[in-house]
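To start, the structure under review is shown below, and the notes come after it.
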Amino acid sequence: MTRNARTPDLTIGGNTVKSTTIRLTSIAAVSVAIVAASGVSGAAASAASATTAPILAPYYTQLDVTGDDRVTAEDLAVAAAAIGITETSSEWASLSILDTDADGELTISDLTDLSHRIIYDDGPFELVEASVLDMQAAMNAGVETSVSITQEYLDRIAAYDRVTVAGASRPLNSVITVNDTALDAAAAADAVRASQGMTTMLLGVPIALKDNYDTVDMVTTGGCGCWNENQTDTDAAIVEGLRADGAVIIAKTSLDEFAYGFVSEFSSFQAPGSTLLVASPYDTSRTAGGSSGGTGAAISANLAAIGLGTDTGGSIRVPSSYNQLVGIRPTVGLASRDGIIPLSLSQDTGGPMARSVLDAAVALDAVVGVDDADPVTARQTGRVPESYTEYLDPAALAGARIGYIGSMVGSDPGTVRLFGQATAALAAQGATVVEVTPPQGLAAVLGEGSGSTNEFLHDLNGYIATHLGADVEPRTLSDILATGNYVTSRQSVYVARNNVTEETYQGWAGPSGSHTIQLAAGKDLVTQLMDDLDLDALIYPSTNAYGTQGTNMRLSPNTGMPAVTVPMGQTAQGETAPGSGVNLEFLGRDFDEGMLLGLAYSFEQATHARTSPSLFGPLG
């Protein structure tokens, strides 16, 4: 895959991540400690500085004076040597960027600020709720390694996933397969860090994948017992991107079988006719949502750092809302679908699910790109930034113009209250929030159905022909039905899909099919609405508490436009399911993920609405 870059003109005003500072004892000690305490040799530190790949922009890159696109010990040494220089000095032009307090002199205060921008933390590390930045800071300092972090996550999976913990009513059931080679991959990442430094923000970070992503080191079941033997000989394109950035693939997470529905019921590795359901870590009597429910439950319960899900009609955003996560449904064409078991390729897309906007943005960086095996990705050429983290500005909402449609808020008391609080928070951060009149034709956009019926057989056959493992015996939908090894309550659904003819498919999803025409019309309509009203984004509740909100989930897939969902709070006593999370969703124009992530980040930093599930805290 290839990338195409553009650089937005945005800045970050301050450090908003909790664990990235170093402890200063003396100016000399700082420079030495950053290299020595990390266990990295001077040569290795130089190798790390030589890379041109951005790490995090702009906060951790904007004060770079050594030309390596990040703040490192070398920058600190330059600043230390420059203490006392003033704006009257001939050197000021090249060093003035270090004057962070703008007093016209380089002082110890400026040096301290610069030190905060080095990704390094030699203090205590807690895995629960740790961000990717926290992990990198701890690994750079030598406090943790990828092996130790990966082992901690493996321990948590063993302790929490298939066990009914104290206070719970049933297990999470969020993981289908644990990767037996995860620790080997982690050790390889540690070796890269020792020889080259931190090469990417995902180096050594454990990632969980929905079990419809092909992996060469684990079977890909699609949640169906019929495909327990599906060992593919290639990775999905998205998985290739993650591995290229040094991520550790730790596990495959459960899903609603073949990504069909929102309850995450699966039959993988169960006796024929038997199934399991994924539980929410906040209330195990309730569903984690779907179809990416296992990813949602696992990431929220801190069983991995970041997860990847897929979304056809809400399958990333529903479990993200139920589990208080950030979820990205990218523009169709931003990330390749090759190597993912399809549901409906007119609307399918893969994307990150994470505990923070920053983590989601870092993951998105790794998985975008043009892929000849998925021709729709050619649309992204010239429209992808070098790093989506460039947009993560706490002040991004200032001056933004955001619209909402009143009917999409619904009438659920908890959702209405939380949405009102959210719009107030947006306004407090400088955004203009306006209610807009729905344009004529919007009902048709929201009312268009999923392609999961008319497209499933056609698209599944394409996957079978190109990716299905050689040892799998059921190689048609008819074969699968004959095994009885699937969610048998859906037999009639599978029979109906199996009866869809090629003529029906073409009339629906062909070049002039009714669905194809409606999706294009939906994109045009909503884009025109935003253009006419000069809107940067549309917002609406992703769901109610453990329940859908009207047809909100259809707006993004029925236009192909991107959406980012982020926690906006929890329901209260007297409201539906008190204490349950509800998310706010931002929808934008095609390939405007950077803008949406900036708005979502600014909202997240202003509200800090996510809570951690109390039943799944640190191991004893």
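To be explicit about the labels: the chains of the structure tokens are called A, B, and onward in the order shown, and within each one the residues are counted from 1, while ligands get numbers from 1 in the order they are shown.
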What's around Thr150 (chain A) at 12 Å? Count only C-alpha atoms, leave out sequence neighbours fewer than 2 positions away in its own chain, and write the answer as JSON, numbers by chain.
{"A": [127, 135, 139, 144, 145, 146, 147, 148, 152, 153, 154, 155, 156, 157, 178, 179, 180, 181, 182, 183, 184, 185, 186, 187, 189, 190, 203, 204, 205, 206, 207, 208, 247, 248, 249, 250, 251, 302, 303, 304, 305]}
Near-Thr432 (chain A) list (10 Å; only C-alpha atoms; drop same-chain fewer than 4 positions) as a list in words:
Leu397, Ala398, Gly399, Ala400, Arg401, Ile402, Gly403, Thr423, Ala424, Leu426, Ala427, Ala428 and Leu535 of chain A
Can those selected residues be exported to a file as a short mmCIF file (atom, residue, chain, number, x, y, z; two decimals), in the first residue's frame so that it contains C-alpha atoms?
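Written file, out28.cif:
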data_model
loop_
_atom_site.label_atom_id
_atom_site.label_comp_id
_atom_site.auth_asym_id
_atom_site.auth_seq_id
_atom_site.Cartn_x
_atom_site.Cartn_y
_atom_site.Cartn_z
CA LEU A 397 -13.40 23.23 18.29
CA ALA A 398 -12.71 26.96 18.40
CA GLY A 399 -14.37 28.47 15.35
CA ALA A 400 -15.89 25.19 14.18
CA ARG A 401 -19.44 25.22 12.87
CA ILE A 402 -21.39 22.09 13.78
CA GLY A 403 -24.95 21.16 12.87
CA THR A 423 -23.66 20.73 22.72
CA ALA A 424 -23.01 23.06 25.66
CA LEU A 426 -18.90 22.16 22.25
CA ALA A 427 -20.06 25.76 22.50
CA ALA A 428 -17.90 26.34 25.56
CA LEU A 535 -20.73 23.10 8.45
#
Show which residues sit within 10 Å of region 477-492 of chain A, as number ranges by chain. Count only C-alpha atoms, and ignore same-chain residues fewer than 4 positions away.
A: 223-228, 256-258, 260, 265-276, 456-457, 460-461, 473, 496-499
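Every protein, DNA or RNA residue with an atom at most 6 Å from region 105-121 of chain A, where only C-alpha atoms count and chain neighbours fewer than 3 positions away do not, is listed here: A:Thr20, A:Thr21, A:Ile22, A:Tyr60, A:Val71, A:Thr72, A:Ile83, A:Gly84, A:Ile85, A:Thr86, A:Asp99, A:Thr100, A:Ala137, A:Ala138, A:Asn140, A:Ala141.
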Limited to all heavy atoms, could you put the picked residues into a file as a compact mmCIF listing (two decimals), in the first residue's frame?
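The resulting again.txt:
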# COMPACT_ATOMS: atom_id res chain seq x y z
N THR A 20 3.73 11.48 30.37
CA THR A 20 4.80 11.58 29.40
C THR A 20 5.93 12.49 29.86
O THR A 20 6.82 12.80 29.10
CB THR A 20 4.26 12.13 28.07
OG1 THR A 20 3.61 13.37 28.32
CG2 THR A 20 3.28 11.17 27.46
N THR A 21 5.89 12.94 31.10
CA THR A 21 6.94 13.85 31.56
C THR A 21 8.09 13.07 32.17
O THR A 21 7.93 11.97 32.67
CB THR A 21 6.40 14.82 32.62
OG1 THR A 21 5.91 14.07 33.73
CG2 THR A 21 5.28 15.66 32.05
N ILE A 22 9.28 13.66 32.12
CA ILE A 22 10.42 13.09 32.81
C ILE A 22 10.63 13.88 34.09
O ILE A 22 10.16 15.00 34.25
CB ILE A 22 11.69 13.14 31.95
CG1 ILE A 22 12.05 14.58 31.57
CG2 ILE A 22 11.53 12.32 30.69
CD1 ILE A 22 13.33 14.69 30.81
N TYR A 60 4.48 16.78 20.20
CA TYR A 60 5.74 16.08 20.43
C TYR A 60 6.72 16.25 19.28
O TYR A 60 7.74 15.57 19.23
CB TYR A 60 5.45 14.60 20.71
CG TYR A 60 4.67 14.44 21.98
CD1 TYR A 60 3.28 14.41 21.95
CD2 TYR A 60 5.30 14.39 23.21
CE1 TYR A 60 2.54 14.32 23.13
CE2 TYR A 60 4.57 14.30 24.39
CZ TYR A 60 3.20 14.26 24.33
OH TYR A 60 2.48 14.19 25.49
N VAL A 71 10.84 15.46 19.27
CA VAL A 71 11.66 16.01 20.35
C VAL A 71 12.40 14.85 21.02
O VAL A 71 11.79 13.89 21.48
CB VAL A 71 10.80 16.76 21.38
CG1 VAL A 71 11.65 17.24 22.55
CG2 VAL A 71 10.11 17.95 20.70
N THR A 72 13.74 14.97 21.06
CA THR A 72 14.57 13.91 21.61
C THR A 72 15.60 14.51 22.56
O THR A 72 15.66 15.73 22.77
CB THR A 72 15.31 13.16 20.49
OG1 THR A 72 16.21 14.09 19.85
CG2 THR A 72 14.35 12.60 19.47
N ILE A 83 20.88 28.00 27.03
CA ILE A 83 20.31 28.75 28.14
C ILE A 83 20.99 30.11 28.27
O ILE A 83 22.22 30.22 28.26
CB ILE A 83 20.47 27.96 29.46
CG1 ILE A 83 19.62 26.69 29.44
CG2 ILE A 83 20.07 28.82 30.66
CD1 ILE A 83 18.15 26.92 29.35
N GLY A 84 20.18 31.15 28.37
CA GLY A 84 20.69 32.51 28.50
C GLY A 84 20.67 33.30 27.22
O GLY A 84 20.81 34.53 27.24
N ILE A 85 20.52 32.64 26.08
CA ILE A 85 20.46 33.35 24.80
C ILE A 85 19.17 34.18 24.76
O ILE A 85 18.10 33.72 25.17
CB ILE A 85 20.50 32.35 23.63
CG1 ILE A 85 21.92 31.79 23.51
CG2 ILE A 85 20.09 33.01 22.31
CD1 ILE A 85 22.06 30.76 22.41
N THR A 86 19.28 35.39 24.24
CA THR A 86 18.12 36.28 24.15
C THR A 86 17.81 36.61 22.70
O THR A 86 18.57 36.26 21.79
CB THR A 86 18.36 37.58 24.92
OG1 THR A 86 19.38 38.33 24.23
CG2 THR A 86 18.82 37.31 26.35
N ASP A 99 11.59 29.13 22.82
CA ASP A 99 11.14 30.11 23.81
C ASP A 99 9.63 29.95 24.02
O ASP A 99 8.83 30.76 23.58
CB ASP A 99 11.48 31.52 23.32
CG ASP A 99 11.09 32.60 24.32
OD1 ASP A 99 10.97 32.29 25.53
OD2 ASP A 99 10.88 33.75 23.88
N THR A 100 9.23 28.91 24.72
CA THR A 100 7.82 28.56 24.82
C THR A 100 7.01 29.55 25.66
O THR A 100 5.79 29.64 25.50
CB THR A 100 7.65 27.14 25.39
OG1 THR A 100 8.29 27.06 26.65
CG2 THR A 100 8.26 26.11 24.44
N ALA A 137 6.12 5.75 26.39
CA ALA A 137 6.95 6.46 27.36
C ALA A 137 7.59 5.50 28.34
O ALA A 137 8.77 5.63 28.70
CB ALA A 137 6.10 7.50 28.09
N ALA A 138 6.83 4.51 28.81
CA ALA A 138 7.36 3.53 29.76
C ALA A 138 8.37 2.61 29.10
O ALA A 138 9.40 2.26 29.70
CB ALA A 138 6.22 2.71 30.35
N ASN A 140 10.23 3.37 26.42
CA ASN A 140 11.42 4.18 26.14
C ASN A 140 12.27 4.38 27.38
O ASN A 140 13.49 4.48 27.30
CB ASN A 140 11.00 5.54 25.58
CG ASN A 140 10.52 5.46 24.15
OD1 ASN A 140 10.76 4.47 23.45
ND2 ASN A 140 9.82 6.49 23.70
N ALA A 141 11.62 4.46 28.55
CA ALA A 141 12.35 4.65 29.80
C ALA A 141 12.91 3.35 30.36
O ALA A 141 13.68 3.36 31.32
CB ALA A 141 11.44 5.31 30.84
Near-Lys252 (chain A) list (7 Å; only C-alpha atoms; drop same-chain fewer than 2 positions) as a PyMOL selection string
chain A and resi 175-178+208-211+254
If DSSP is run on the backbone, what residues of region 423-528 of chain A are helix (DSSP H, G or I)? A reply as an MDAnalysis selection string would be ideal.
chainID A and resid 423:428 442:447 456:466 477:483 488:498 502:509 514:528
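For Pro342 (chain A), the set of protein, DNA and RNA residues having any atom at most 10 Å away, when counting only C-alpha atoms and skipping those fewer than 4 positions along the same chain, is Asn212, Tyr213, Gly222, Phe258, Ala259, Thr310, Thr312, Arg337, Asp338, Ser346, Gln347, Asp348, Thr349, Ser452, Glu455, Phe456, Leu457, His458, Asp459, Leu460, Asn461, Gly462 and Tyr463 of chain A.
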Suppose you want the space between CA of Leu418 (chain A) and CA of Ala288 (chain A); what is it in Å?
20.3 Å
Work out how far CA of Gly104 (chain A) is from CA of Glu87 (chain A), in Å to one decimal.
5.2 Å
